Every structure is written in C-alpha cells, then in structure tokens.
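A short worksheet on the structure shown next.
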Amino acid sequence: MMDSSGTQQYGNIVLAHRSGTSIGSIKLSSGGVSWNKSGGGKEIKIPAKDIDGLHWSKTTRGCQLGVRRKGASDIQFLGFRDKDLDSIRQALDGAAHNVEEQEVSITGRNWGNATLDGATMMFAVGSKPAFRIPLKDVNQVQQNKEEVLLQFAIDDTAGGENEDALTEIGFYVPKEAASFQDGQEHPAKVLHDMIMPHTDSGAAVGDAIASFGAVAVLAPRGRFEIELYGSFMKLLGQAQDYRVQYDAIVRIFVLPKSNTPHTLIVISLDPPIRKGQTHYPHILIQFPSDEETSTDLSISDEVFEAKNEACGGKLNRHLEGPAYDIFARTLRGLANSKITKPGQFRTEDGSGSAVRCSLKADDGYLYPLEKGFFYVHKPPTLLVYDEVESIEFMRQGAGVLSNSAKTFDLAVRMKHDQEYVFRGIQKGEWLNLFNFIRQKRLRIENLREAEAGPQGPGLAVDLGADIDTGLAQMDAIGGMDDDDEEDADFEEGGGSDEDDGDDDDSELSGMSDIDDEETKKKATKAAAKPKADKPKPEKKRAAPVAKKETKKAKKDPNAPKRGLSAFMFFSNAKRDEVKKENPDLAFGEVGKRLGELWKEVTPSEKSKFEDMAKKDKARYEKQKAEYEKSGGAGEASAPAPKKAKAAPKKPAKKKEEEPEEEDDDDEEDVKDEEDEDDEEDDDE
C-alpha cells in the first residue's frame, strides 16, 4: 500500500539472516529501505546513499528482494508476490537504483563460478546465482592446497528452536580458475586473501580487538572476561561461555543505579541467548561507577576505517575514562549499535533516573526512558511506548489510598494483551510519573483519579459475586454524567485486589490485614461489653445520633432497581460466551475481555443495547415515581422512630423500647448496636 508520501509498505516479509528467519513489515521509498520485526525488536534501516544495487528473484517461497550495501553484506527479504515488482520500482524510483531481475539456478550442480561483491560471496551456476554467503558470518578461512574452507561461527543467539546449522563449506579452486589468476599466487590463495579481511580472523591484529577482565554480569549471572572481536563478542566464565554476534545486538543501554555507586550496561539482543530452555534477551553488566580504565584497540587499519565509517566516526583507537563508558563506546563502534541513556525523568528528590519497585516477586528499578520503560534487573523487561496500550495508576486496597499508605502500583498494559504491574512505588513519585506519562502521550485509563493524586477519591464498587467488579467500575464511571442520584445497588468502597500469585511488598500486603484485625477486635469488644457500664453523656450523644440516623438509613427491599447501562446489557449477553471460549480466564480477566469486546462493537450493533438501556431507564423512572407517590421513599429514608424519640435523660427506658421498634433481623440489630457503641467510644 502506497501512501501520499510515495512510501510503499508490505507486511509478512521475512528477513533471511544467520539465526533463521524473522517476520516483519518493510517500507520502501526514495529515501531507502526499512524493516521492523513484528512485535518489536530487530530493526533494519538502509538509507538510499548506502544502497549499491537491488535484485529481484523468484524462489520457492514467493519472490525475493536483495539489497546490496556499500562496504557490507547483502540483505535478503522474502515473501513478496509477482505483482509487487512494479510498485517496488515505483517506490524506489528516487533512490537512483534500478531493480535487476535475476533468475535463480535450480539445476542442483555443485560447480560454478565464485565472485566477491563487497562483503558478499556469490556462487553462480552459469549466469544464474545459486546462493550468497555474507562473509561477516565467516569465523575462520583456511587454505589447503587447492581448497578454501570457510568455517561459520555457531553463537548462542543463533538457531533459536532450529536443530540444524551450517558449520562449514569448502570450495575447490583449480589452477585453471580464471577468476582468481594472479600470475604468481595459486588461485586458491588469491580467493583466501580476498575473503580474509571480511572475517573475524582478519579483523584483529592479536587475539581480540579489546578485552575487559573480571566483569560482574547479572544476567546470565557470574563473573566473566569479555573479549570483543570484529563481528562477535565472547563472555568467558568459569562454568559457561557465551558467544554473541554483533548483528544480534539491538541497542546498548547505560543506566546509572540510584543510591548505589554502580552503573549498568544492558545489551538488548534479538534473537536472545538460548542455553537449554533458558533465554536471555538482555545481558546485564555491572561496573563500579568510579572505576577508571584505558584501552588500545588491536585492530587492522582497513577494518578500523570500515568500522569507523559505519558508526559515523565514533570509534577511537585509544580510549580512557570510566570503565563502563569505555566498554559501551567500544562495543557501539564495533557493533555499529546505538547507546541509550536516561532522559528527562528524575525522581522526587532529584537524585536518580529510576523509581524503586517490584515486578512479580523481585525488587528492582523502573527506568522511564524517552522511548520506553526499562525494568531491571530480574527479570529485565523492556516495554516500548509504541507497544503500550494503556497505563493505570492503582491505589492500595479497595481503590482509595489512605493517609498512612506509602506506596502505589503502576499497571502497564501492552497491545499484545500482556500486563505488567510494578508494585510498591513510593507515593512521592506519583506526580513525577504522571507528568512524564502525559508528556509521552500515553493513554491513562483512570485519568481523573490519576490527576487527583495519590490521596484522591477512588471509584471502586462492589456488586456482589454475580457481577464482575471491573465491569461495574467501568459502568459507574461511564454513567456519572447521566444521573447524579446515588445508585442504591452500588456500595462505594468495595472491590478486591487481584491476586496474580506474586509476592507483594510487605508494607502493601500488611496494611489491609492490620485494618481488618483492628476492626474485628473493636467490634468484639463493643459486643461483649455491657451497655450499662458505658457512660452516655446527654450533650455529646444528641448530635452523633442524628448524624448516624441519616448515614445509616436502611435500604427498602421494595424500592425499584436502577436501570442498567448499554454496556451492562452487553456484558450480561456476552459473559457466558466469553467464559466458554476462554475457560482459563480468571474472574477479573473476564471483565477486561468484555471491555475489549465492547470497544469493537459496531455502532449499529451497539444501538441495540442502547435501546435496551433507554427502555430500562424509562421503567426505572416510572417505578420510582410510583414508589415515591406511595410514600415508600420517605419511609425508607426516614430515621427509625426509636432514635428520633429517644430521651437523653432516660437511657434505660430507651433500651427497653429499642427491640420492639427495630427489625427482626438479629444480625442487623447486632451491627447497629456495635456501630452505635463504636461512635460513643469515639465521642468519649
């Protein structure tokens, strides 16, 4: 699909690379070519000035577009259709490169001609290419008389779930090979010398270009010696070694730790390191912030110039300064990657760039960066803002943060239906995070609550066990502007915390337990203590009793029930269907799923439920008028006669009259007496 700017975009395009294949989307324009992996991760951008040629081939998996780069190996994109060629040529018209059509050899013969085009070796049968080899993937090249043997690096980021991998390939070069005649050297030697500069064995003058010893690595955990080569990095440990190709490095993060003299270097990988069933998408290396070092790169002049040109002149032969900075800058130059550091966000006291919190059962730090949240260190989690669906500021308990609560939670919901809850963030960081998130234009679900701050009123509601609390809250928020009258079916302050099986912060998890225990002790003490022993001063009793009568008005069971909203009618109609299709969903997750379905409902379908809501509202208004006309509303809201006629000077007589005037519900009687005693204790 071509937009107004002349950019052509295609989905489900496969990037062919050393570690297998990855699916993503590609954009083609006069400015160049860019490819992004689906779901985030690897990103490849090829400016028009770096493109040396384009070729188009038909393969067994559709059509393939090859991009030749200046001073680098070719990149192949698969998954196009025959009819896409014309639109691709139109989109790349301003790139000053014609797309050359090449027919792939399918004869299966194993003899032909080998040619080098920059950092790519192409083997052709006749005039048709059979395969291409990116020489950056070659670890060693050896000559044995008339044979040239190429060995490929098997690193820990390659393969993924694949069981087979190419380890070596040999080429027989006879004396008659016209392409490599030198007059003095054997053609095999000529081919060997042409390949050597593009491999790791030809990049370094010594064993490694640079090395850093006894470095503390948090993931995978251990102490390692790190060696940097021309196209890969080695982590050498006592029990385990790791090898990482530079093209697997997506980005390098430099994250100073708050309140500790250490700095983290995070290396994000795609694909991740895979050892057995364990995957490491991020390598976490910790340096003392005050450690100084210097290094001289052991690299050939030719490779140094090529690396320095690729990274924009940011690679230096001699470096000195903080150890973490030297390592990050050296790796950036060799891997041609980017360095990301904390931006504008600062904590409440201004001392750091991260807030302390916990994810699942582990404590760590959440870094709000310019393009994403990064949580370290266990498990390291990168949440790119482009993939964030919404954010919610979550108060403790049933939705209202009490004055004594010191922390709150932050829920980040992704577009791929995954949720991350960062718990135990200090209350003082609320405003900083809120302003930062608003600045990044991220959607906040409970915006009005978040604007009110950590002490603002909550909107938690409780409808009992038959209706999802999450649905009721959404309905309550949506219906606030329609009717200001209090809904008798809703009890504010209800709701429950979602238990995801993780260990919460001790301060968070203990608050509700303490409140419940104190309430039980107070109620037990009030019920067991004889009322005759309690003094009841006349002047202090009158005002609280009148206030209590208004606040504790009982609900009339004959009162009409309020009308349901359109969303609630939709929820009641779809709840059984959602539970049937998703039997493993938790109770609270059902409400979230219904909310997502409600957003997808078309206006025509939604009108059906809106009509049902209007009819139900009309029913409620009619029943409400009849109920008030019959005097039911007045009776339900009026204070009990026993309390209105109570004489402060005759408490004993009032006690005898109370059982006759109150309802027969023993539990309600006990509750009223306990509440009354509690209020008297407060007055005293």
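Naming works like this for the structure tokens: A, B, ... for the chains as they're shown, residue 1 at the start of each chain, ligands 1 onward in shown order.
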Neighbour list for A:Ala450 as an mmCIF file with all heavy atoms, in the first residue's frame, cut-off 9 Å, only C-alpha atoms, skip fewer than 2 positions in-chain:
```cif
data_model
loop_
_atom_site.group_PDB
_atom_site.id
_atom_site.type_symbol
_atom_site.label_atom_id
_atom_site.label_comp_id
_atom_site.auth_asym_id
_atom_site.auth_seq_id
_atom_site.Cartn_x
_atom_site.Cartn_y
_atom_site.Cartn_z
ATOM 1 N N GLU A 392 -2.366 2.425 34.068
ATOM 2 C CA GLU A 392 -3.305 2.697 35.161
ATOM 3 C C GLU A 392 -2.534 2.908 36.459
ATOM 4 O O GLU A 392 -1.646 2.123 36.800
ATOM 5 C CB GLU A 392 -4.297 1.541 35.330
ATOM 6 C CG GLU A 392 -5.300 1.774 36.454
ATOM 7 C CD GLU A 392 -6.266 0.616 36.624
ATOM 8 O OE1 GLU A 392 -6.123 -0.386 35.879
ATOM 9 O OE2 GLU A 392 -7.143 0.693 37.505
ATOM 10 N N PHE A 393 -2.877 3.995 37.163
ATOM 11 C CA PHE A 393 -2.346 4.247 38.497
ATOM 12 C C PHE A 393 -3.261 3.534 39.490
ATOM 13 O O PHE A 393 -4.453 3.863 39.596
ATOM 14 C CB PHE A 393 -2.300 5.745 38.799
ATOM 15 C CG PHE A 393 -1.203 6.478 38.078
ATOM 16 C CD1 PHE A 393 -1.318 6.790 36.729
ATOM 17 C CD2 PHE A 393 -0.049 6.843 38.745
ATOM 18 C CE1 PHE A 393 -0.306 7.456 36.061
ATOM 19 C CE2 PHE A 393 0.975 7.510 38.091
ATOM 20 C CZ PHE A 393 0.846 7.816 36.743
ATOM 21 N N MET A 394 -2.719 2.586 40.231
ATOM 22 C CA MET A 394 -3.530 1.724 41.085
ATOM 23 C C MET A 394 -3.245 2.048 42.546
ATOM 24 O O MET A 394 -2.102 1.930 43.006
ATOM 25 C CB MET A 394 -3.222 0.252 40.797
ATOM 26 C CG MET A 394 -3.459 -0.136 39.346
ATOM 27 S SD MET A 394 -2.901 -1.809 38.956
ATOM 28 C CE MET A 394 -3.953 -2.772 40.038
ATOM 29 N N TRP A 430 4.369 9.681 42.496
ATOM 30 C CA TRP A 430 3.129 9.683 41.709
ATOM 31 C C TRP A 430 3.118 10.831 40.708
ATOM 32 O O TRP A 430 2.889 10.636 39.511
ATOM 33 C CB TRP A 430 1.941 9.776 42.659
ATOM 34 C CG TRP A 430 0.581 9.759 42.009
ATOM 35 C CD1 TRP A 430 0.053 10.685 41.147
ATOM 36 C CD2 TRP A 430 -0.435 8.766 42.165
ATOM 37 N NE1 TRP A 430 -1.215 10.347 40.774
ATOM 38 C CE2 TRP A 430 -1.541 9.173 41.385
ATOM 39 C CE3 TRP A 430 -0.523 7.587 42.901
ATOM 40 C CZ2 TRP A 430 -2.720 8.436 41.321
ATOM 41 C CZ3 TRP A 430 -1.702 6.853 42.840
ATOM 42 C CH2 TRP A 430 -2.783 7.269 42.053
ATOM 43 N N LEU A 431 3.350 12.057 41.187
ATOM 44 C CA LEU A 431 3.249 13.235 40.332
ATOM 45 C C LEU A 431 4.302 13.217 39.232
ATOM 46 O O LEU A 431 4.009 13.559 38.080
ATOM 47 C CB LEU A 431 3.379 14.506 41.173
ATOM 48 C CG LEU A 431 3.237 15.834 40.421
ATOM 49 C CD1 LEU A 431 1.865 15.919 39.770
ATOM 50 C CD2 LEU A 431 3.453 17.016 41.366
ATOM 51 N N PHE A 434 3.214 10.664 36.640
ATOM 52 C CA PHE A 434 2.010 11.114 35.940
ATOM 53 C C PHE A 434 2.360 12.170 34.892
ATOM 54 O O PHE A 434 1.928 12.085 33.732
ATOM 55 C CB PHE A 434 0.995 11.672 36.933
ATOM 56 C CG PHE A 434 -0.227 12.256 36.291
ATOM 57 C CD1 PHE A 434 -1.230 11.444 35.793
ATOM 58 C CD2 PHE A 434 -0.363 13.633 36.153
ATOM 59 C CE1 PHE A 434 -2.350 11.978 35.178
ATOM 60 C CE2 PHE A 434 -1.474 14.178 35.548
ATOM 61 C CZ PHE A 434 -2.471 13.355 35.059
ATOM 62 N N ILE A 444 -3.907 7.016 29.804
ATOM 63 C CA ILE A 444 -4.091 6.652 31.206
ATOM 64 C C ILE A 444 -5.547 6.256 31.398
ATOM 65 O O ILE A 444 -6.458 7.057 31.152
ATOM 66 C CB ILE A 444 -3.713 7.817 32.142
ATOM 67 C CG1 ILE A 444 -2.245 8.213 31.916
ATOM 68 C CG2 ILE A 444 -3.940 7.446 33.597
ATOM 69 C CD1 ILE A 444 -1.807 9.408 32.733
ATOM 70 N N GLU A 445 -5.786 5.034 31.826
ATOM 71 C CA GLU A 445 -7.157 4.520 31.948
ATOM 72 C C GLU A 445 -7.976 5.329 32.954
ATOM 73 O O GLU A 445 -9.084 5.745 32.671
ATOM 74 C CB GLU A 445 -7.118 3.046 32.345
ATOM 75 C CG GLU A 445 -6.615 2.130 31.243
ATOM 76 C CD GLU A 445 -6.791 0.673 31.597
ATOM 77 O OE1 GLU A 445 -7.414 0.390 32.637
ATOM 78 O OE2 GLU A 445 -6.311 -0.196 30.842
ATOM 79 N N ASN A 446 -7.444 5.517 34.151
ATOM 80 C CA ASN A 446 -8.161 6.239 35.208
ATOM 81 C C ASN A 446 -7.605 7.652 35.317
ATOM 82 O O ASN A 446 -7.024 8.040 36.326
ATOM 83 C CB ASN A 446 -8.061 5.499 36.538
ATOM 84 C CG ASN A 446 -6.614 5.240 36.947
ATOM 85 O OD1 ASN A 446 -5.700 5.273 36.114
ATOM 86 N ND2 ASN A 446 -6.404 5.003 38.232
ATOM 87 N N LEU A 447 -7.793 8.438 34.251
ATOM 88 C CA LEU A 447 -7.165 9.756 34.168
ATOM 89 C C LEU A 447 -7.630 10.675 35.289
ATOM 90 O O LEU A 447 -6.821 11.380 35.898
ATOM 91 C CB LEU A 447 -7.475 10.378 32.799
ATOM 92 C CG LEU A 447 -6.902 11.775 32.555
ATOM 93 C CD1 LEU A 447 -5.395 11.762 32.679
ATOM 94 C CD2 LEU A 447 -7.325 12.290 31.183
ATOM 95 N N ARG A 448 -8.931 10.680 35.576
ATOM 96 C CA ARG A 448 -9.439 11.595 36.618
ATOM 97 C C ARG A 448 -8.887 11.240 37.984
ATOM 98 O O ARG A 448 -8.559 12.112 38.788
ATOM 99 C CB ARG A 448 -10.966 11.566 36.622
ATOM 100 C CG ARG A 448 -11.573 12.371 35.468
ATOM 101 C CD ARG A 448 -13.074 12.392 35.540
ATOM 102 N NE ARG A 448 -13.647 11.110 35.163
ATOM 103 C CZ ARG A 448 -14.942 10.847 35.140
ATOM 104 N NH1 ARG A 448 -15.807 11.782 35.489
ATOM 105 N NH2 ARG A 448 -15.386 9.659 34.775
ATOM 106 N N ALA A 452 -6.049 13.453 40.340
ATOM 107 C CA ALA A 452 -6.316 13.818 41.732
ATOM 108 C C ALA A 452 -5.146 13.524 42.648
ATOM 109 O O ALA A 452 -5.089 14.030 43.763
ATOM 110 C CB ALA A 452 -7.570 13.093 42.233
ATOM 111 N N GLY A 453 -4.198 12.686 42.190
ATOM 112 C CA GLY A 453 -3.038 12.378 43.013
ATOM 113 C C GLY A 453 -3.268 11.167 43.887
ATOM 114 O O GLY A 453 -4.355 10.568 43.907
ATOM 115 N N PRO A 454 -2.269 10.778 44.677
ATOM 116 C CA PRO A 454 -2.375 9.558 45.484
ATOM 117 C C PRO A 454 -3.419 9.637 46.580
ATOM 118 O O PRO A 454 -3.874 8.616 47.075
ATOM 119 C CB PRO A 454 -0.970 9.405 46.079
ATOM 120 C CG PRO A 454 -0.393 10.773 46.037
ATOM 121 C CD PRO A 454 -0.957 11.427 44.825
ATOM 122 N N GLY A 456 -6.413 11.132 46.136
ATOM 123 C CA GLY A 456 -7.702 11.399 45.524
ATOM 124 C C GLY A 456 -8.722 10.326 45.806
ATOM 125 O O GLY A 456 -8.395 9.210 46.213
#
```
Distance query A:Asp82 at most 9 Å, only C-alpha atoms, self and fewer than 5 positions along chain excluded, as a list of chain:residue names: A:Lys58, A:Gly62, A:Cys63
Point-to-point distance in Å for atom CA of A:Ser358 and atom CA of A:Leu269: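 According to the coordinates, atom CA of A:Leu269 and atom CA of A:Ser358 are separated by 23.4 Å.
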Proximity to A:Gln286 - best of A:Glu309, A:Gly588, A:Ala216, A:Thr340, only C-alpha atoms: A:Ala216
Those of stretch 77-212 of chain A in DSSP alpha helix (DSSP H), formatted as a list in words: Asp84, Leu85, Asp86, Ser87, Ile88, Arg89, Gln90, Ala91, Pro187, Ala188, Lys189, Val190, Leu191, His192, Asp193, Met194, Ile195, Asp200, Ser201, Gly202 and Ala203 of chain A
Please produce an output containing N, CA and C atoms for each residue in the selection, written as an mmCIF file, in the first residue's frame.
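File written: part37.cif
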```cif
data_model
loop_
_atom_site.group_PDB
_atom_site.id
_atom_site.type_symbol
_atom_site.label_atom_id
_atom_site.label_comp_id
_atom_site.auth_asym_id
_atom_site.auth_seq_id
_atom_site.Cartn_x
_atom_site.Cartn_y
_atom_site.Cartn_z
ATOM 1 N N ASP A 84 4.171 -7.393 -7.104
ATOM 2 C CA ASP A 84 4.730 -6.327 -6.264
ATOM 3 C C ASP A 84 5.911 -5.626 -6.920
ATOM 4 N N LEU A 85 6.497 -6.211 -7.966
ATOM 5 C CA LEU A 85 7.715 -5.658 -8.552
ATOM 6 C C LEU A 85 7.482 -4.254 -9.110
ATOM 7 N N ASP A 86 6.370 -4.035 -9.804
ATOM 8 C CA ASP A 86 6.108 -2.717 -10.393
ATOM 9 C C ASP A 86 5.965 -1.642 -9.319
ATOM 10 N N SER A 87 5.230 -1.947 -8.251
ATOM 11 C CA SER A 87 5.051 -0.951 -7.187
ATOM 12 C C SER A 87 6.359 -0.702 -6.436
ATOM 13 N N ILE A 88 7.210 -1.724 -6.306
ATOM 14 C CA ILE A 88 8.510 -1.542 -5.653
ATOM 15 C C ILE A 88 9.395 -0.627 -6.489
ATOM 16 N N ARG A 89 9.407 -0.838 -7.790
ATOM 17 C CA ARG A 89 10.190 0.035 -8.668
ATOM 18 C C ARG A 89 9.684 1.471 -8.602
ATOM 19 N N GLN A 90 8.380 1.639 -8.514
ATOM 20 C CA GLN A 90 7.811 2.980 -8.428
ATOM 21 C C GLN A 90 8.205 3.656 -7.119
ATOM 22 N N ALA A 91 8.200 2.894 -6.018
ATOM 23 C CA ALA A 91 8.538 3.476 -4.719
ATOM 24 C C ALA A 91 10.014 3.836 -4.626
ATOM 25 N N PRO A 187 45.397 -19.713 -7.477
ATOM 26 C CA PRO A 187 44.048 -19.136 -7.391
ATOM 27 C C PRO A 187 43.384 -19.372 -6.026
ATOM 28 N N ALA A 188 43.652 -20.504 -5.400
ATOM 29 C CA ALA A 188 43.073 -20.751 -4.078
ATOM 30 C C ALA A 188 43.604 -19.754 -3.054
ATOM 31 N N LYS A 189 44.882 -19.405 -3.177
ATOM 32 C CA LYS A 189 45.480 -18.428 -2.280
ATOM 33 C C LYS A 189 44.889 -17.044 -2.515
ATOM 34 N N VAL A 190 44.649 -16.733 -3.786
ATOM 35 C CA VAL A 190 44.049 -15.441 -4.120
ATOM 36 C C VAL A 190 42.650 -15.329 -3.509
ATOM 37 N N LEU A 191 41.844 -16.384 -3.637
ATOM 38 C CA LEU A 191 40.498 -16.369 -3.051
ATOM 39 C C LEU A 191 40.570 -16.263 -1.530
ATOM 40 N N HIS A 192 41.504 -16.978 -0.927
ATOM 41 C CA HIS A 192 41.689 -16.929 0.522
ATOM 42 C C HIS A 192 41.997 -15.506 0.981
ATOM 43 N N ASP A 193 42.899 -14.834 0.293
ATOM 44 C CA ASP A 193 43.295 -13.481 0.684
ATOM 45 C C ASP A 193 42.171 -12.474 0.457
ATOM 46 N N MET A 194 41.306 -12.721 -0.514
ATOM 47 C CA MET A 194 40.176 -11.817 -0.756
ATOM 48 C C MET A 194 39.109 -11.949 0.338
ATOM 49 N N ILE A 195 38.924 -13.152 0.845
ATOM 50 C CA ILE A 195 37.901 -13.393 1.871
ATOM 51 C C ILE A 195 38.386 -12.963 3.253
ATOM 52 N N ASP A 200 36.419 -12.555 10.964
ATOM 53 C CA ASP A 200 36.933 -12.197 12.282
ATOM 54 C C ASP A 200 38.428 -12.455 12.395
ATOM 55 N N SER A 201 38.907 -13.498 11.740
ATOM 56 C CA SER A 201 40.325 -13.820 11.829
ATOM 57 C C SER A 201 41.183 -12.760 11.155
ATOM 58 N N GLY A 202 40.610 -11.987 10.222
ATOM 59 C CA GLY A 202 41.375 -10.949 9.555
ATOM 60 C C GLY A 202 41.155 -9.571 10.125
ATOM 61 N N ALA A 203 40.254 -9.439 11.105
ATOM 62 C CA ALA A 203 39.957 -8.122 11.663
ATOM 63 C C ALA A 203 40.938 -7.728 12.753
#
```
Best match for closeness to A:Ser298 among A:Gly32, A:Gly230, A:Pro271, A:Gly333, counting only C-alpha atoms: A:Gly230
Would you please extract all strand (DSSP E) residues from stretch 200-418 of chain A, as assigned by DSSP on the backbone, and give them as a PDB file with C-alpha atoms, in the first residue's frame?
```pdb
ATOM      1  CA  ALA A 210      39.665  -5.360  23.068  1.00  0.00           C
ATOM      2  CA  SER A 211      39.145  -7.284  26.308  1.00  0.00           C
ATOM      3  CA  PHE A 212      37.724  -6.493  29.753  1.00  0.00           C
ATOM      4  CA  GLY A 213      38.545  -8.882  32.599  1.00  0.00           C
ATOM      5  CA  ALA A 214      36.658  -9.965  35.741  1.00  0.00           C
ATOM      6  CA  VAL A 215      33.413  -8.161  34.905  1.00  0.00           C
ATOM      7  CA  ALA A 216      30.318  -8.743  37.074  1.00  0.00           C
ATOM      8  CA  VAL A 217      27.409  -9.923  34.919  1.00  0.00           C
ATOM      9  CA  LEU A 218      23.932 -10.048  36.488  1.00  0.00           C
ATOM     10  CA  ALA A 219      22.213 -11.893  33.600  1.00  0.00           C
ATOM     11  CA  ARG A 221      24.781 -14.397  36.380  1.00  0.00           C
ATOM     12  CA  GLY A 222      28.513 -14.769  37.041  1.00  0.00           C
ATOM     13  CA  ARG A 223      31.897 -13.148  36.594  1.00  0.00           C
ATOM     14  CA  PHE A 224      33.152 -13.152  33.014  1.00  0.00           C
ATOM     15  CA  GLU A 225      36.060 -11.983  30.943  1.00  0.00           C
ATOM     16  CA  ILE A 226      34.676 -10.147  27.914  1.00  0.00           C
ATOM     17  CA  GLU A 227      36.507 -10.214  24.577  1.00  0.00           C
ATOM     18  CA  LEU A 228      35.448  -8.113  21.587  1.00  0.00           C
ATOM     19  CA  PHE A 232      31.153 -11.020  17.708  1.00  0.00           C
ATOM     20  CA  MET A 233      31.613 -10.777  21.476  1.00  0.00           C
ATOM     21  CA  LYS A 234      32.692 -13.548  23.849  1.00  0.00           C
ATOM     22  CA  LEU A 235      31.798 -13.924  27.527  1.00  0.00           C
ATOM     23  CA  LEU A 236      34.266 -16.347  29.119  1.00  0.00           C
ATOM     24  CA  ASP A 241      30.956 -19.374  27.879  1.00  0.00           C
ATOM     25  CA  TYR A 242      28.694 -17.289  25.637  1.00  0.00           C
ATOM     26  CA  ARG A 243      29.200 -16.040  22.101  1.00  0.00           C
ATOM     27  CA  VAL A 244      27.120 -13.179  20.681  1.00  0.00           C
ATOM     28  CA  GLN A 245      27.170 -11.920  17.081  1.00  0.00           C
ATOM     29  CA  ILE A 249      22.610  -6.533  19.320  1.00  0.00           C
ATOM     30  CA  VAL A 250      19.574  -4.253  19.051  1.00  0.00           C
ATOM     31  CA  ARG A 251      20.644  -1.470  21.436  1.00  0.00           C
ATOM     32  CA  ILE A 252      23.004  -0.663  24.307  1.00  0.00           C
ATOM     33  CA  PHE A 253      21.636   0.974  27.480  1.00  0.00           C
ATOM     34  CA  VAL A 254      23.740   2.857  30.036  1.00  0.00           C
ATOM     35  CA  LEU A 255      21.699   3.028  33.266  1.00  0.00           C
ATOM     36  CA  PRO A 256      23.188   4.581  36.433  1.00  0.00           C
ATOM     37  CA  HIS A 262      27.277   1.227  40.175  1.00  0.00           C
ATOM     38  CA  THR A 263      26.294   1.624  36.536  1.00  0.00           C
ATOM     39  CA  LEU A 264      24.504  -0.997  34.454  1.00  0.00           C
ATOM     40  CA  ILE A 265      25.319  -1.688  30.816  1.00  0.00           C
ATOM     41  CA  VAL A 266      22.366  -3.520  29.256  1.00  0.00           C
ATOM     42  CA  ILE A 267      22.838  -5.197  25.874  1.00  0.00           C
ATOM     43  CA  SER A 268      19.476  -5.981  24.235  1.00  0.00           C
ATOM     44  CA  LEU A 269      19.520  -8.959  21.873  1.00  0.00           C
ATOM     45  CA  ASP A 270      17.282 -10.230  19.089  1.00  0.00           C
ATOM     46  CA  PRO A 271      17.370 -13.207  18.929  1.00  0.00           C
ATOM     47  CA  PRO A 272      18.230 -13.766  22.612  1.00  0.00           C
ATOM     48  CA  ILE A 273      20.896 -16.015  24.065  1.00  0.00           C
ATOM     49  CA  ARG A 274      19.488 -19.514  24.410  1.00  0.00           C
ATOM     50  CA  LYS A 275      21.006 -22.106  26.735  1.00  0.00           C
ATOM     51  CA  THR A 278      16.653 -20.552  29.337  1.00  0.00           C
ATOM     52  CA  HIS A 279      16.522 -17.406  27.213  1.00  0.00           C
ATOM     53  CA  TYR A 280      18.399 -14.160  27.899  1.00  0.00           C
ATOM     54  CA  PRO A 281      17.008 -11.275  25.795  1.00  0.00           C
ATOM     55  CA  HIS A 282      19.184  -8.815  27.741  1.00  0.00           C
ATOM     56  CA  ILE A 283      22.749  -9.077  29.043  1.00  0.00           C
ATOM     57  CA  LEU A 284      23.211  -7.052  32.247  1.00  0.00           C
ATOM     58  CA  ILE A 285      26.784  -5.999  33.023  1.00  0.00           C
ATOM     59  CA  GLN A 286      27.542  -4.045  36.203  1.00  0.00           C
ATOM     60  CA  PHE A 287      30.530  -1.712  36.548  1.00  0.00           C
ATOM     61  CA  PRO A 288      31.613   0.341  39.597  1.00  0.00           C
ATOM     62  CA  GLU A 292      38.740   4.095  35.598  1.00  0.00           C
ATOM     63  CA  THR A 293      40.451   2.267  32.733  1.00  0.00           C
ATOM     64  CA  SER A 294      42.074   2.765  29.325  1.00  0.00           C
ATOM     65  CA  THR A 295      42.333   0.579  26.247  1.00  0.00           C
ATOM     66  CA  ASP A 296      44.035   0.480  22.849  1.00  0.00           C
ATOM     67  CA  HIS A 318      42.708   4.800  22.207  1.00  0.00           C
ATOM     68  CA  LEU A 319      40.081   5.302  24.917  1.00  0.00           C
ATOM     69  CA  GLU A 320      40.341   6.217  28.587  1.00  0.00           C
ATOM     70  CA  GLY A 321      37.867   7.156  31.302  1.00  0.00           C
ATOM     71  CA  PRO A 322      35.209   5.341  33.372  1.00  0.00           C
ATOM     72  CA  ILE A 339      23.626   3.923  23.092  1.00  0.00           C
ATOM     73  CA  THR A 340      20.561   4.923  25.127  1.00  0.00           C
ATOM     74  CA  VAL A 355      11.955   4.509  40.776  1.00  0.00           C
ATOM     75  CA  ARG A 356      12.297   1.514  43.036  1.00  0.00           C
ATOM     76  CA  CYS A 357       9.529  -1.083  42.780  1.00  0.00           C
ATOM     77  CA  SER A 358       8.951  -4.806  42.308  1.00  0.00           C
ATOM     78  CA  LEU A 359       7.844  -6.918  39.359  1.00  0.00           C
ATOM     79  CA  ASP A 362      11.717  -9.469  42.788  1.00  0.00           C
ATOM     80  CA  ASP A 363      12.718  -5.925  43.708  1.00  0.00           C
ATOM     81  CA  GLY A 364      14.324  -3.713  41.091  1.00  0.00           C
ATOM     82  CA  TYR A 365      14.272  -0.318  39.380  1.00  0.00           C
ATOM     83  CA  LEU A 366      11.947   1.060  36.705  1.00  0.00           C
ATOM     84  CA  TYR A 367      13.627   3.491  34.280  1.00  0.00           C
ATOM     85  CA  PRO A 368      11.185   5.753  32.376  1.00  0.00           C
ATOM     86  CA  GLY A 372      10.152   3.004  26.656  1.00  0.00           C
ATOM     87  CA  PHE A 373      10.108   1.692  30.219  1.00  0.00           C
ATOM     88  CA  PHE A 374      13.044  -0.490  31.233  1.00  0.00           C
ATOM     89  CA  TYR A 375      12.798  -2.568  34.409  1.00  0.00           C
ATOM     90  CA  VAL A 376      15.956  -4.099  35.865  1.00  0.00           C
ATOM     91  CA  THR A 381      11.897  -6.077  30.899  1.00  0.00           C
ATOM     92  CA  LEU A 382      11.791  -3.515  28.092  1.00  0.00           C
ATOM     93  CA  LEU A 383       8.374  -2.003  27.288  1.00  0.00           C
ATOM     94  CA  VAL A 384       8.468   0.206  24.180  1.00  0.00           C
ATOM     95  CA  VAL A 388       1.810   0.205  25.178  1.00  0.00           C
ATOM     96  CA  GLU A 389      -1.986   0.109  25.083  1.00  0.00           C
ATOM     97  CA  SER A 390      -2.711   1.931  28.359  1.00  0.00           C
ATOM     98  CA  ILE A 391      -1.427   2.715  31.862  1.00  0.00           C
ATOM     99  CA  GLU A 392      -3.305   2.697  35.161  1.00  0.00           C
ATOM    100  CA  PHE A 393      -2.346   4.247  38.497  1.00  0.00           C
ATOM    101  CA  MET A 394      -3.530   1.724  41.085  1.00  0.00           C
ATOM    102  CA  THR A 407       3.161   3.195  48.083  1.00  0.00           C
ATOM    103  CA  PHE A 408       1.073   2.641  44.955  1.00  0.00           C
ATOM    104  CA  ASP A 409       1.152   0.319  41.913  1.00  0.00           C
ATOM    105  CA  LEU A 410       1.541   1.112  38.219  1.00  0.00           C
ATOM    106  CA  ALA A 411      -0.076  -1.223  35.668  1.00  0.00           C
ATOM    107  CA  VAL A 412       1.218  -1.158  32.068  1.00  0.00           C
ATOM    108  CA  ARG A 413      -0.979  -2.984  29.552  1.00  0.00           C
ATOM    109  CA  MET A 414       0.511  -3.863  26.166  1.00  0.00           C
TER     110      MET A 414
END
```
